[in-house]
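Structure first, then comments.
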Amino acid sequence: MEKIPVTRQNSDEIDKFLDGAASFADMMFGFLDGSNESEENFLDLDEDAKDDEDLSQVEQNKIFWEAQEQLLQATLYRTTSLESRIRQATKEALRELDVMGVQCACRRPVAGGCRNCLQRELSIRLQNVGFNCYICRSKWRSSPEIPSGEHTYLEVLDKSNPKKGEVRVVIELNFRAEFEMARANEDYNKLIARLPELLVGKAERLEALIKILCAAAKKCMKEKNMHLAPWRKHKYMQAKWLGTFERTTPAPLRVGYSDRPQKPKSSMLTFDLLENLPALHCTAVEVVW
Ligand SMILES: [Zn+2]
């Protein structure tokens, strides 16, 4: 097999390749986008043919899981220098915060800091070392396929390369946990074990990962003759990180940072006032309590 040297220049090509590879897997196994036709066909199989079918099914399953594992490895390890720099800075900031401890400045303080307060502190630290870091809150309505929900995560918007335009890098602190399933099979668990808990990746990479992981979850439940929970569906996972979202920038606890938008957009204020306000304001609110 020909080796492709991984450099910044061809990372776009790699992304295209990855996207193509994931699409190829979709085509081969046809597991995405909620069509139940193949499941029905599978259940309608003639009993006489069942033994032969079982054998080839085992083979097919093996091919599927091997392919998913290879796709996952390729998608995780081909990373750009921008992603590496952000990952490095994030890990350093998390180490610092771990030593210092996060003080909750929200309405529901948790010993050691809640996810929201940790994300706020982390985003401030990443801003301080020069990254354009935001807190994103996605929110989606229910549809016949998926229930409504919301999710918060961080992102860095990089505009340093005019040729590439705006590059969106997502920071998810609990990526592996988002895909863990209590009743999964061994193949699925093996795949999930390869995921980092902290994911720092371009939106395109995240999209490719979600495709692979959701196809795997669907396949896993099919093998176990169980229904895939709606919040495990591809559409739901896409809505979490790649759907509509609101950006906010938490204000650092020092004055004189006027070149960034400090106020959340008005639509944000309607659904969660306190958590999106700068830490300073939250502290003031807590004093009143
Ligand atoms: Zn908190």
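Residues are referred to by chain and number: the chain letter is A, B, ... according to the order shown in the structure tokens, the number counts from 1 in that chain, and ligands are numbered separately from 1 in the order shown.
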
Subject >> Selection as number ranges by chain: residues within 7 Å of ligand 1 by only C-alpha atoms and all ligand atoms >> reply: A: 104-110, 113-117

Pull the closest atom pair for each residue of range 179-260 of chain A that gets at most 8 Å from range 141-159 of chain A, along with the distance in Å to one decimal, counting only C-alpha atoms, ordering rows by chain and then ascending residue number, as a Markdown table.
```
| residue | atom | partner | partner_atom | distance |
| --- | --- | --- | --- | --- |
| A:Pro230 | CA | A:Ile146 | CA | 5.4 |
| A:Trp231 | CA | A:Ile146 | CA | 6.6 |
| A:Lys233 | CA | A:Ile146 | CA | 7.6 |
| A:Lys235 | CA | A:Ile146 | CA | 7.3 |
| A:Tyr236 | CA | A:Ile146 | CA | 6.2 |
| A:Lys240 | CA | A:His151 | CA | 5.8 |
| A:Trp241 | CA | A:His151 | CA | 7.7 |
```

With N, CA and C atoms retained, write the just-selected residues as a PDB file, in the first residue's frame.
```pdb
ATOM      1  N   PRO A 230     -32.836   6.585  20.551  1.00  0.00           N
ATOM      2  CA  PRO A 230     -32.855   7.742  19.645  1.00  0.00           C
ATOM      3  C   PRO A 230     -31.694   8.717  19.872  1.00  0.00           C
ATOM      4  N   TRP A 231     -31.231   8.809  21.115  1.00  0.00           N
ATOM      5  CA  TRP A 231     -30.126   9.751  21.387  1.00  0.00           C
ATOM      6  C   TRP A 231     -28.762   9.173  20.989  1.00  0.00           C
ATOM      7  N   LYS A 233     -28.568   8.086  17.798  1.00  0.00           N
ATOM      8  CA  LYS A 233     -28.654   8.170  16.338  1.00  0.00           C
ATOM      9  C   LYS A 233     -27.701   9.214  15.772  1.00  0.00           C
ATOM     10  N   LYS A 235     -28.226  11.496  13.579  1.00  0.00           N
ATOM     11  CA  LYS A 235     -28.800  12.842  13.538  1.00  0.00           C
ATOM     12  C   LYS A 235     -28.683  13.553  14.886  1.00  0.00           C
ATOM     13  N   TYR A 236     -28.866  12.787  15.964  1.00  0.00           N
ATOM     14  CA  TYR A 236     -28.795  13.354  17.301  1.00  0.00           C
ATOM     15  C   TYR A 236     -27.353  13.802  17.598  1.00  0.00           C
ATOM     16  N   LYS A 240     -25.687  17.642  18.241  1.00  0.00           N
ATOM     17  CA  LYS A 240     -24.898  18.011  19.420  1.00  0.00           C
ATOM     18  C   LYS A 240     -23.760  18.965  19.094  1.00  0.00           C
ATOM     19  N   TRP A 241     -22.940  18.599  18.098  1.00  0.00           N
ATOM     20  CA  TRP A 241     -21.733  19.384  17.831  1.00  0.00           C
ATOM     21  C   TRP A 241     -21.745  20.112  16.486  1.00  0.00           C
TER      22      TRP A 241
END
```

Subject >> CA of Lys91 in chain A to CA of Asn189 in chain A, straight-line distance in Å >> reply: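 Result for CA of Asn189 in chain A versus CA of Lys91 in chain A: 25.0 Å, one decimal.
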
Subject >> Test item, helix (DSSP H, G or I) assignment across range 194-254 of chain A, answer as number ranges by chain >> reply: A: 203-223, 230-232, 234-242

**OP:** Could you pull out the residues in range 63-191 of chain A that DSSP calls strand (DSSP E or B) from the backbone, as JSON, numbers by chain?
**Re:** {"A": [133, 134, 135, 136, 137, 138, 139, 140, 149, 150, 151, 152, 153, 154, 155, 156, 157, 158, 167, 168, 169, 170, 171, 172]}

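In terms of minimum interatomic distance to Arg120 in chain A, A:Ala93 ranks closest within A:Ala93, A:Met226, A:Val99, A:Glu83, counting only C-alpha atoms.
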
Original post:
Quick one: residues within 12 Å of Leu228 in chain A, only C-alpha atoms counted, chain neighbours fewer than 2 positions away excluded, as a ChimeraX atom specification?
Top reply: /A:31-32,34,36,145-146,181,183-184,214-226,230-234,236

Original post:
Pick the closest to Phe179 in chain A from A:Leu195, A:Ala239, A:Val167, A:Ile86: which is it, counting only C-alpha atoms?
Top reply: A:Leu195

Original post:
Hey, which of A:Thr79, A:Gln238, A:Gln70, A:Thr249 ends up closest to Ser138 in chain A? Count only C-alpha atoms.
Top reply: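 Closest residue, counting only C-alpha atoms: A:Gln238.
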
**OP:** Find the spatial neighbours of range 170-173 of chain A, counting only C-alpha atoms, within a cut-off of 10 Å - ignore same-chain residues fewer than 4 positions away - and output them as a VMD selection string.
**Re:** chain A and resid 83 86 to 87 90 94 115 118 to 119 123 133 to 136 152 to 157 177 to 178 196 to 206 241 to 242

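Computed from the coordinates, the CA of Glu180 in chain A to CA of Ala111 in chain A distance equals 24.8 Å.
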
Subject >> Between CA of Leu71 in chain A and CA of Ile212 in chain A - distance in Å to one decimal >> reply: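 Atom-to-atom, CA of Ile212 in chain A and CA of Leu71 in chain A are spaced 7.3 Å apart.
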